[in-house]
>>> print(open('upload.txt').read())   # compact mmCIF, C-alpha atoms
# COMPACT_ATOMS: atom_id res chain seq x y z
CA MET A 254 120.44 136.14 88.45
CA THR A 255 117.66 137.93 90.34
CA LYS A 256 114.92 136.20 92.30
CA LYS A 257 112.45 137.30 89.62
CA HIS A 258 114.50 135.61 86.90
CA ILE A 259 114.83 132.42 88.96
CA PHE A 260 111.08 132.34 89.58
CA THR A 261 110.31 132.86 85.88
CA ALA A 262 112.77 130.16 84.82
CA SER A 263 111.22 127.74 87.30
CA LEU A 264 107.75 128.33 85.89
CA VAL A 265 108.98 127.76 82.34
CA LEU A 266 110.73 124.53 83.37
CA LEU A 267 107.62 123.22 85.10
CA GLY A 268 105.56 124.02 82.03
CA VAL A 269 107.95 122.14 79.77
CA VAL A 270 107.91 119.11 82.07
CA ALA A 271 104.11 119.14 82.23
CA ILE A 272 103.83 119.22 78.45
CA ALA A 273 106.51 116.63 77.80
CA THR A 274 105.31 114.13 80.43
CA PRO A 275 102.31 112.04 79.34
CA THR A 276 99.60 111.35 81.90
CA PHE A 277 98.09 107.90 82.25
CA ALA A 278 94.94 107.02 84.11
CA HIS A 279 94.10 103.48 85.10
CA VAL A 280 91.09 101.47 86.17
CA VAL A 281 91.48 101.77 89.94
CA VAL A 282 89.48 100.36 92.84
CA THR A 283 89.32 102.42 96.04
CA PRO A 284 89.75 102.63 98.97
CA ALA A 285 93.37 101.49 99.15
CA GLN A 286 92.99 100.34 102.76
CA VAL A 287 90.18 98.86 104.85
CA ASN A 288 89.86 97.16 108.24
CA ILE A 289 89.53 93.37 108.54
CA GLY A 290 85.97 92.03 108.34
CA ALA A 291 84.54 95.42 107.41
CA PHE A 292 81.54 95.96 105.17
CA GLN A 293 82.91 98.40 102.62
CA THR A 294 81.61 100.31 99.61
CA PHE A 295 84.18 100.14 96.82
CA SER A 296 84.45 102.48 93.86
CA VAL A 297 85.86 101.44 90.47
CA GLY A 298 87.15 104.47 88.57
CA VAL A 299 87.12 103.91 84.80
CA PRO A 300 88.62 106.40 82.28
CA SER A 301 88.05 106.16 78.50
CA GLU A 302 91.50 107.00 77.15
CA LYS A 303 91.03 105.81 73.57
CA PRO A 304 89.23 107.97 70.94
CA MET A 305 86.07 105.94 71.46
CA ALA A 306 83.64 104.94 74.20
CA THR A 307 84.01 102.27 76.87
CA VAL A 308 81.02 99.89 76.65
CA GLU A 309 81.83 97.10 79.10
CA LEU A 310 83.72 96.50 82.33
CA ARG A 311 84.58 93.18 83.99
CA LEU A 312 85.96 93.19 87.53
CA VAL A 313 87.34 89.88 88.83
CA LEU A 314 86.70 89.65 92.55
CA PRO A 315 89.52 88.54 94.88
CA ASP A 316 88.96 85.48 97.07
CA GLY A 317 87.53 86.07 100.52
CA LEU A 318 84.84 88.65 99.71
CA ASN A 319 81.32 88.06 101.02
CA TYR A 320 77.92 89.63 100.35
CA VAL A 321 78.98 91.27 97.09
CA THR A 322 76.25 93.72 96.05
CA PRO A 323 76.65 96.10 93.09
CA ASN A 324 74.95 99.51 93.20
CA VAL A 325 72.33 100.37 90.62
CA LYS A 326 74.01 102.07 87.62
CA GLN A 327 71.77 104.02 85.29
CA GLY A 328 72.16 102.89 81.67
CA TRP A 329 74.15 99.75 82.54
CA LYS A 330 73.17 96.08 82.93
CA ILE A 331 74.88 94.54 85.97
CA SER A 332 75.46 90.88 86.77
CA VAL A 333 77.57 88.93 89.27
CA GLN A 334 79.03 85.86 87.56
CA THR A 335 80.71 82.71 88.95
CA ASP A 336 82.91 80.51 86.76
CA ASP A 337 83.64 76.76 87.04
CA ASP A 338 86.49 77.43 89.48
CA GLY A 339 84.25 79.45 91.79
CA GLN A 340 85.86 82.74 90.76
CA LYS A 341 83.39 85.59 90.92
CA GLU A 342 83.26 88.74 88.85
CA ILE A 343 80.99 91.74 88.34
CA ASP A 344 80.07 92.60 84.75
CA TRP A 345 78.79 96.01 83.70
CA THR A 346 77.55 95.95 80.09
CA GLY A 347 75.43 97.95 77.66
CA GLY A 348 76.46 101.39 78.92
CA ASN A 349 78.70 104.08 77.52
CA ILE A 350 81.63 106.15 78.83
CA PRO A 351 82.50 108.66 76.07
CA ALA A 352 86.10 109.18 74.92
CA ASN A 353 88.20 111.33 77.25
CA GLU A 354 85.64 111.02 80.04
CA ARG A 355 85.42 108.77 83.10
CA ASP A 356 82.86 107.18 85.40
CA ASP A 357 82.64 105.37 88.74
CA PHE A 358 81.08 101.97 89.39
CA LEU A 359 80.10 101.14 92.99
CA PHE A 360 79.59 97.89 94.89
CA SER A 361 79.67 96.79 98.51
CA ALA A 362 81.20 93.69 100.08
CA GLN A 363 82.51 92.30 103.33
CA VAL A 364 86.29 91.93 103.23
CA PRO A 365 88.22 88.98 104.75
CA THR A 366 88.57 88.73 108.52
CA THR A 367 92.35 88.34 108.32
CA ALA A 368 94.94 90.79 107.00
CA THR A 369 95.60 90.40 103.29
CA ALA A 370 95.97 92.30 100.00
CA LEU A 371 93.04 92.32 97.58
CA GLN A 372 94.18 92.42 93.95
CA TRP A 373 91.56 93.92 91.64
CA LYS A 374 91.92 92.65 88.07
CA ALA A 375 89.71 94.45 85.55
CA TYR A 376 88.99 94.19 81.82
CA GLN A 377 87.78 97.26 79.94
CA THR A 378 86.09 96.85 76.54
CA TYR A 379 85.86 99.68 73.99
CA GLU A 380 83.17 99.98 71.32
CA ASP A 381 85.47 98.61 68.59
CA GLY A 382 85.93 95.41 70.62
CA THR A 383 89.39 96.29 71.93
CA ILE A 384 89.98 95.01 75.48
CA VAL A 385 92.47 96.65 77.84
CA SER A 386 93.47 94.23 80.59
CA TRP A 387 94.26 95.80 83.96
CA ASP A 388 95.74 92.62 85.43
CA LEU A 389 99.51 93.03 85.50
CA ASP A 390 101.94 93.40 88.34
CA LYS A 391 103.66 96.78 88.01
CA GLY A 392 106.96 95.07 87.29
CA ASP A 393 105.45 93.25 84.30
CA GLN A 394 104.27 96.37 82.46
CA PRO A 395 105.34 96.23 78.76
CA LYS A 396 107.27 99.13 77.22
CA ASP A 397 106.75 100.92 73.92
CA ALA A 398 109.44 101.60 71.31
CA THR A 399 110.76 104.55 73.32
CA GLY A 400 111.06 102.52 76.52
CA LYS A 401 108.06 104.13 78.22
CA PRO A 402 105.24 102.08 79.79
CA ASP A 403 102.71 100.97 77.15
CA PHE A 404 99.13 101.03 78.49
CA SER A 405 97.38 100.60 75.13
CA GLN A 406 96.52 96.92 75.73
CA SER A 407 97.28 96.27 79.39
CA GLY A 408 98.13 97.88 82.70
CA PRO A 409 98.64 97.24 86.42
CA TYR A 410 95.91 96.09 88.76
CA SER A 411 95.11 98.14 91.86
CA THR A 412 95.31 96.79 95.41
CA THR A 413 93.35 97.24 98.62
CA ASN A 414 95.21 96.35 101.82
CA VAL A 415 93.03 94.70 104.46
CA ILE A 416 94.58 95.53 107.83
CA ASP A 417 93.97 94.82 111.49
CA ASP A 418 93.81 98.40 112.74
CA LEU A 419 93.77 97.25 116.38
CA ASN A 420 97.41 96.22 115.94
CA ALA A 421 98.41 99.09 113.64
CA PRO A 422 100.10 102.19 115.08
CA THR A 423 97.64 105.03 115.50
CA SER A 424 98.11 108.52 114.12
CA SER A 425 97.79 109.93 117.65
CA GLN A 426 101.06 108.33 118.80
CA PRO A 427 103.40 110.74 116.94
CA ALA A 428 101.28 113.67 118.09
CA ASN A 429 101.40 112.50 121.75
CA TYR A 430 105.17 112.03 121.50
CA ALA A 431 105.62 115.56 120.14
CA LEU A 432 103.38 116.96 122.87
CA THR A 433 105.44 115.21 125.56
CA LEU A 434 108.67 116.65 124.16
CA SER A 435 107.12 120.12 124.07
CA ILE A 436 106.06 119.90 127.73
CA ILE A 437 109.55 118.74 128.78
CA ALA A 438 111.17 121.59 126.83
CA LEU A 439 108.79 124.10 128.42
CA ALA A 440 109.58 122.75 131.88
CA PHE A 441 113.35 123.14 131.30
CA SER A 442 112.78 126.68 130.01
CA ILE A 443 110.81 127.63 133.12
CA LEU A 444 113.46 126.06 135.37
CA ALA A 445 116.24 127.99 133.61
CA PHE A 446 114.27 131.23 133.93
CA VAL A 447 113.71 130.69 137.67
CA ARG A 448 117.45 130.00 138.24
CA MET A 449 118.42 133.16 136.37
CA HIS A 450 115.90 135.16 138.39
CA ILE A 451 117.29 133.78 141.66
CA LYS A 452 120.91 134.52 140.67
CA SER A 453 120.03 138.09 139.71
CA LYS A 454 118.67 138.76 143.22
CA LYS A 455 121.82 137.51 144.99
>>> encode(input="upload.txt", output="structure tokens")
Amino acid sequence: MTKKHIFTASLVLLGVVAIATPTFAHVVVTPAQVNIGAFQTFSVGVPSEKPMATVELRLVLPDGLNYVTPNVKQGWKISVQTDDDGQKEIDWTGGNIPANERDDFLFSAQVPTTATALQWKAYQTYEDGTIVSWDLDKGDQPKDATGKPDFSQSGPYSTTNVIDDLNAPTSSQPANYALTLSIIALAFSILAFVRMHIKSKK
């Protein structure tokens, strides 16, 4: 088989896989990582995957957040609620995300001063009253009749890792290590060249 045939077959195979594999989007809070005690602007990405609009979003806030302040969102009413157990949430209501489109909802907060994982549990309401709960651990995701993950009524929550970056390895360490090895290799090469030059003169 020629290289041209192999290349063509690869393209066909990739196309078949792309068509056969369904794509699922989730309600996701970013960033996925933030430093301890930081004041951070978070973004909640919300896709409307049903053949109707999303009209409400509830985001349950993890414990340890301070100074929670939602950004103004044109067309949406925003409120920060607290239940009897002290659990806070942000509610976006009265707006509209059309079917097969998405939108981002922003808010700022100070994260905890110790390393932890923030679990973002969200509840998305469609215009027919259907609620999709994004509050499951990935291992608890239900399957459909074919054994594939079923996201029609529920899905996994997203997580933000709060880290102490003073104790985390920096990205410069691998680069410095590689640079040191390169310098040592260059030094050995120069030494070998000098020895060969000396021997050739004897």
>>> residues_around(input="upload.txt", residues="segment 318-330 of chain A", least_positions_apart="2", cutoff="7 Å", atoms="all atoms listed in the file", output="PyMOL selection string")
chain A and resi 315-316+332+345-348+359-365
>>> residues_near_point(input="upload.txt", point="(92.1, 94.4, 116.4)", cutoff="12 Å", atoms="all atoms listed in the file", output="ChimeraX atom specification")
/A:288-291,366-368,415-422
>>> closest_residue(input="upload.txt", among="A:Thr378, A:Leu389, A:Ser296, A:Gln372", to="Ser411 of chain A", atoms="only C-alpha atoms")
A:Gln372
>>> residues_near_point(input="upload.txt", point="(87.6, 92.3, 79.7)", cutoff="9 Å", atoms="all atoms listed in the file", output="ChimeraX atom specification")
/A:309-312,375-378,383-387
